[in-house]
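What follows is a single structure, written as structure tokens, with notes after it.
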Amino acid sequence: MPYRPRLSNAQCAPTFTVEARDEHGVAVPTSIATERPLTIYVDKREIVTLMTLGAAPEALAIGYLRNQRLVDNIEEIVAVQVDWEVGAVAVTTRNGLADLDGRMQKRTVTTGCGQGTVFGALMDDIENIHLRDDVRLSEATYYQLIDNVRRYDTIYKAAGAVHGCALAHGSEILMFVEDVGRHNAVDAIAGRMWLDAIDGSDKVFYTTGRLTSEMVIKCAQMQIPILVSRSGLTQMGYDIATKTGITMIGRATGKHYLLFTGAHRFVK
């Protein structure tokens with residue numbers, strides 16, 4: 001069994017019902033997405049406050065620390081405990097975080113929704129990222145993946161106002177996470193991958209959000225070679241995907257897609 005820190009089980013209902021009136025003036029019970037502040041504390045030190053649905057708060061906290069490169073492996077984390085009464089998650093580490101002050105001093109403003117800043121220089125180690133080149137995604141498998149995503153029972157169908165991310169092996173969806181920000185969703189998946197000891201090197205990552213530099217870097221750090229988005233991309237996202245060798249597919253809706261980088265992994 002993979003190592004797992006002590007975890008609370010504090011997920012919240014991701015939607016609640018309010019009454020709205022339609023264009024005819026008729027009262028309609030309507031599901032809307034929840035949004036809660038969750039402040040991450042590491043060894044009693046405040047790190048960041050995220051706005052979240054609260055569906056996977058422990059995985060979100062772990063994935064955030066992983067993707068911000070504040071924690072190098074899951075064994076460094078002893079416990080993750082969420083308390084919604086105070087809107088906080090307490091992360092206890094084994095030996096503390098090395099040079100936390102130095103890491104927190106260097107921040108880059110990003111386009112991330114729901115977060116907005118990242119710690120450290122996430123691009124410093126791009127040259128050291130090496131993704132598998134023997135992984136292939138056929139066009140038929142891609143179409144099946146998109147269809148599986150469409151058929152998934154999601155919060156977005158009920159309430160809208162959220163982003164979704166999926167980790168897939170071929171067309172099989174291994175996990176699907178939604179949150180108010182696309183970075184929360186990708187961080188929650190990163191946390192679950194650590195908790196379940198899932199290797200990303202042969203996986204596909206799907207997101208409803210745009211492919212910015214930070215989204216591409218996070219997937220590369222998780223060693224995921226193929227990145228698919230329902231949305232578009234930024235120039236910096238494109239440049240980083242080219243440098244890291246990620247296969248990046250955007251505007252993925254129905255039978256339409258645009259293959260931007262890493263064409264050698266895509267079998268038409």
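Labeling convention for the structure tokens: chains A, B, ... as they appear, residues from 1 per chain, ligands from 1 in order of appearance.
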Q. Quick one: DSSP strand (DSSP E or B) residues in segment 9-196 of chain A, as number ranges by chain?
A. A: 15-21, 27-33, 36-42, 45-52, 77-83, 88-93, 107-109, 117-119, 137-138, 163-169, 172-179
Where does segment 124-205 of chain A meet segment 253-267 of chain A within 12 Å, residue by residue, with the nearest atom pair and distance in Å to one decimal for each, counting only C-alpha atoms, listed by chain and rising number, as a Markdown table?
```
| residue | atom | partner | partner_atom | distance |
| --- | --- | --- | --- | --- |
| A:Leu131 | CA | A:Gly262 | CA | 10.9 |
| A:Arg132 | CA | A:Arg265 | CA | 9.7 |
| A:Asp133 | CA | A:Arg265 | CA | 7.1 |
| A:Asp134 | CA | A:Arg265 | CA | 7.5 |
| A:Val135 | CA | A:Arg265 | CA | 6.1 |
| A:Arg136 | CA | A:Arg265 | CA | 4.5 |
| A:Leu137 | CA | A:Phe266 | CA | 5.0 |
| A:Ser138 | CA | A:Val267 | CA | 4.4 |
| A:Glu139 | CA | A:Val267 | CA | 6.0 |
| A:Ala140 | CA | A:Val267 | CA | 8.8 |
| A:Thr141 | CA | A:Val267 | CA | 9.5 |
| A:Tyr142 | CA | A:Phe266 | CA | 9.0 |
| A:Tyr143 | CA | A:Lys255 | CA | 6.8 |
| A:Gln144 | CA | A:Gly254 | CA | 9.9 |
| A:Leu145 | CA | A:Gly254 | CA | 10.4 |
| A:Ile146 | CA | A:Gly254 | CA | 7.0 |
| A:Asp147 | CA | A:Gly254 | CA | 7.5 |
| A:Asn148 | CA | A:Gly254 | CA | 11.0 |
| A:Val149 | CA | A:Thr253 | CA | 10.3 |
| A:Arg150 | CA | A:Gly254 | CA | 8.9 |
| A:Arg151 | CA | A:Gly254 | CA | 11.9 |
| A:Gly170 | CA | A:Phe266 | CA | 11.7 |
| A:Asp202 | CA | A:Arg265 | CA | 11.0 |
| A:Lys203 | CA | A:Arg265 | CA | 11.9 |
| A:Val204 | CA | A:Arg265 | CA | 11.2 |
```
Q) Among segment 49-254 of chain A, which residues carry a DSSP assignment of helix (DSSP H, G or I), reported as JSON, numbers by chain? A) {"A": [57, 58, 59, 60, 61, 62, 63, 64, 65, 66, 67, 74, 75, 76, 100, 101, 102, 103, 104, 105, 126, 127, 128, 139, 140, 141, 142, 143, 144, 145, 146, 147, 148, 149, 150, 151, 155, 156, 157, 158, 159, 182, 183, 184, 185, 186, 187, 188, 189, 190, 191, 192, 193, 194, 195, 213, 214, 215, 216, 217, 218, 219, 220, 221, 235, 236, 237, 238, 239, 240, 241, 242, 243, 244]}
(Q) List as a VMD selection string the protein and nucleic acid residues near Cys165 of chain A, meaning an atom at most 7 Å away when only C-alpha atoms are counted, but skip any in the same chain fewer than 3 places from it. (A) chain A and resid 176 to 178 185 to 186 206 to 208
Can I get the selected residues back with N, CA and C atoms, as a PDB file, in the first residue's frame?
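Saved result, out-v9.pdb, follows:
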```
ATOM      1  N   PHE A 176     -12.058  12.523 -11.949  1.00  0.00           N
ATOM      2  CA  PHE A 176     -12.618  13.763 -12.491  1.00  0.00           C
ATOM      3  C   PHE A 176     -12.900  14.684 -11.318  1.00  0.00           C
ATOM      4  N   VAL A 177     -12.344  15.898 -11.374  1.00  0.00           N
ATOM      5  CA  VAL A 177     -12.480  16.851 -10.266  1.00  0.00           C
ATOM      6  C   VAL A 177     -12.973  18.181 -10.816  1.00  0.00           C
ATOM      7  N   GLU A 178     -13.935  18.772 -10.126  1.00  0.00           N
ATOM      8  CA  GLU A 178     -14.420  20.102 -10.491  1.00  0.00           C
ATOM      9  C   GLU A 178     -14.234  21.050  -9.323  1.00  0.00           C
ATOM     10  N   ALA A 185      -8.740  22.482  -9.432  1.00  0.00           N
ATOM     11  CA  ALA A 185      -9.068  21.148  -9.934  1.00  0.00           C
ATOM     12  C   ALA A 185      -7.804  20.361 -10.276  1.00  0.00           C
ATOM     13  N   VAL A 186      -6.847  21.001 -10.953  1.00  0.00           N
ATOM     14  CA  VAL A 186      -5.615  20.286 -11.301  1.00  0.00           C
ATOM     15  C   VAL A 186      -4.801  19.970 -10.053  1.00  0.00           C
ATOM     16  N   TYR A 206      -7.076  16.169 -19.077  1.00  0.00           N
ATOM     17  CA  TYR A 206      -8.103  16.965 -19.751  1.00  0.00           C
ATOM     18  C   TYR A 206      -8.549  18.091 -18.835  1.00  0.00           C
ATOM     19  N   THR A 207      -8.745  19.275 -19.408  1.00  0.00           N
ATOM     20  CA  THR A 207      -9.252  20.405 -18.638  1.00  0.00           C
ATOM     21  C   THR A 207     -10.240  21.212 -19.467  1.00  0.00           C
ATOM     22  N   THR A 208     -11.201  21.792 -18.793  1.00  0.00           N
ATOM     23  CA  THR A 208     -12.123  22.701 -19.479  1.00  0.00           C
ATOM     24  C   THR A 208     -11.520  24.093 -19.603  1.00  0.00           C
TER      25      THR A 208
END
```
Q | Among the residues A:Glu75, A:Leu7, A:Asn128, A:Pro29, the one that comes closest to Val91 of chain A [using only C-alpha atoms] | A | A:Leu7
Q: Can you pull out every residue within 12 Å of Arg45 of chain A, counting only C-alpha atoms, but drop anything in the same chain fewer than 5 positions away, and send it as number ranges by chain?
A: A: 39-40, 88-93, 96-97, 100-101, 104
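Distance-wise, atom CA of Val162 of chain A and atom CA of Ile226 of chain A end up 22.6 Å apart.
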Q | Separation of atom CA of Glu35 of chain A from atom CA of Glu214 of chain A, in Å and rounded to one decimal | A |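 Computed distance, atom CA of Glu35 of chain A to atom CA of Glu214 of chain A, equals 22.6 Å.
Between atom CA of Leu38 of chain A and atom CA of Arg210 of chain A lies a distance of 23.8 Å.
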Q. Which neighbours of Asp179 of chain A fall inside 10 Å, counting only C-alpha atoms, when residues of the same chain fewer than 4 positions from it are skipped, and could you give them as a VMD selection string?
A. chain A and resid 14 33 to 35 51 to 56 60 114 155 to 156 161 to 165 183 to 186 188
Using only C-alpha atoms, tabulate the residues of segment 50-93 of chain A lying at most 12 Å from any atom of segment 193-200 of chain A, each with its closest atom pair and that distance in Å to one decimal, by chain and increasing residue number, as CSV.
```
residue,atom,partner,partner_atom,distance
A:Glu58,CA,A:Leu195,CA,10.1
A:Ala59,CA,A:Leu195,CA,7.9
A:Leu60,CA,A:Met193,CA,11.1
A:Ala61,CA,A:Trp194,CA,11.7
A:Ile62,CA,A:Trp194,CA,8.2
A:Gly63,CA,A:Trp194,CA,8.0
A:Tyr64,CA,A:Trp194,CA,11.6
A:Leu65,CA,A:Trp194,CA,11.3
A:Arg66,CA,A:Trp194,CA,8.8
A:Asn67,CA,A:Trp194,CA,11.2
A:Val71,CA,A:Trp194,CA,11.3
A:Asp72,CA,A:Trp194,CA,10.7
A:Asn73,CA,A:Trp194,CA,7.9
A:Ile74,CA,A:Trp194,CA,6.2
A:Glu75,CA,A:Trp194,CA,9.5
A:Glu76,CA,A:Trp194,CA,11.6
A:Ile77,CA,A:Leu195,CA,10.6
A:Ala79,CA,A:Leu195,CA,11.9
A:Val80,CA,A:Leu195,CA,11.6
```
Print the selection's residues with N, CA and C atoms to a file, as a CSV table (one decimal), in the first residue's frame.
```
chain,number,residue,atom,x,y,z
A,58,GLU,N,-8.7,17.9,1.2
A,58,GLU,CA,-7.4,17.4,1.6
A,58,GLU,C,-6.5,17.2,0.3
A,59,ALA,N,-7.1,16.6,-0.7
A,59,ALA,CA,-6.3,16.4,-2.0
A,59,ALA,C,-5.9,17.8,-2.6
A,60,LEU,N,-6.8,18.8,-2.5
A,60,LEU,CA,-6.5,20.1,-3.0
A,60,LEU,C,-5.2,20.7,-2.3
A,61,ALA,N,-5.2,20.6,-0.9
A,61,ALA,CA,-4.1,21.1,-0.2
A,61,ALA,C,-2.8,20.4,-0.5
A,62,ILE,N,-2.8,19.1,-0.6
A,62,ILE,CA,-1.6,18.3,-1.0
A,62,ILE,C,-1.2,18.7,-2.4
A,63,GLY,N,-2.1,18.7,-3.3
A,63,GLY,CA,-1.8,19.0,-4.7
A,63,GLY,C,-1.2,20.4,-4.8
A,64,TYR,N,-1.8,21.4,-4.1
A,64,TYR,CA,-1.3,22.7,-4.2
A,64,TYR,C,0.2,22.8,-3.7
A,65,LEU,N,0.5,22.2,-2.6
A,65,LEU,CA,1.9,22.1,-2.1
A,65,LEU,C,2.8,21.4,-3.1
A,66,ARG,N,2.3,20.4,-3.7
A,66,ARG,CA,3.1,19.6,-4.7
A,66,ARG,C,3.4,20.5,-5.9
A,67,ASN,N,2.3,21.1,-6.5
A,67,ASN,CA,2.5,21.9,-7.7
A,67,ASN,C,3.2,23.2,-7.5
A,71,VAL,N,6.6,21.0,-1.4
A,71,VAL,CA,6.8,19.7,-0.8
A,71,VAL,C,7.3,18.8,-2.0
A,72,ASP,N,8.3,18.0,-1.7
A,72,ASP,CA,8.9,17.2,-2.8
A,72,ASP,C,8.3,15.8,-2.9
A,73,ASN,N,7.8,15.3,-1.8
A,73,ASN,CA,7.2,14.0,-1.9
A,73,ASN,C,6.2,13.8,-0.8
A,74,ILE,N,5.3,12.9,-1.0
A,74,ILE,CA,4.1,12.7,-0.1
A,74,ILE,C,4.6,12.3,1.3
A,75,GLU,N,5.8,11.6,1.4
A,75,GLU,CA,6.3,11.1,2.7
A,75,GLU,C,6.6,12.2,3.6
A,76,GLU,N,6.8,13.5,3.1
A,76,GLU,CA,7.1,14.6,4.0
A,76,GLU,C,5.9,15.1,4.7
A,77,ILE,N,4.7,14.7,4.3
A,77,ILE,CA,3.5,15.2,5.0
A,77,ILE,C,3.0,14.1,6.0
A,79,ALA,N,0.2,14.8,8.3
A,79,ALA,CA,-1.3,14.9,8.4
A,79,ALA,C,-1.8,16.1,7.7
A,80,VAL,N,-3.1,15.9,7.2
A,80,VAL,CA,-3.8,17.0,6.6
A,80,VAL,C,-5.2,17.0,7.2
```
Q | Given only C-alpha atoms as the counted atoms, nearest of A:Val78, A:Leu174, A:Ala252, A:Leu211 to Gln235 of chain A | A |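 Result for the nearest residue to Gln235 of chain A: A:Leu211.
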(Q) Env of segment 238-244 of chain A: 7 Å cut, atoms = only C-alpha atoms, seq-sep filter 5 positions within chain, self excluded. Answer as a PyMOL selection string. (A) chain A and resi 126+129+213+216+233+261
Once you have the residues from the selection above, write them out as a compact mmCIF listing (two decimals), in the first residue's frame, restricted to C-alpha atoms.
```txt
# COMPACT_ATOMS: atom_id res chain seq x y z
CA ILE A 126 12.01 23.17 -17.22
CA ILE A 129 11.77 17.82 -17.20
CA SER A 213 1.91 28.72 -18.82
CA VAL A 216 1.33 23.45 -18.83
CA LEU A 233 -4.15 28.55 -25.09
CA THR A 261 2.56 20.63 -30.10
```
Q | Contacts of Thr30 of chain A within 8 Å, only C-alpha atoms, excl. fewer than 3 positions in-chain, as an MDAnalysis selection string | A | chainID A and resid 17:20 159
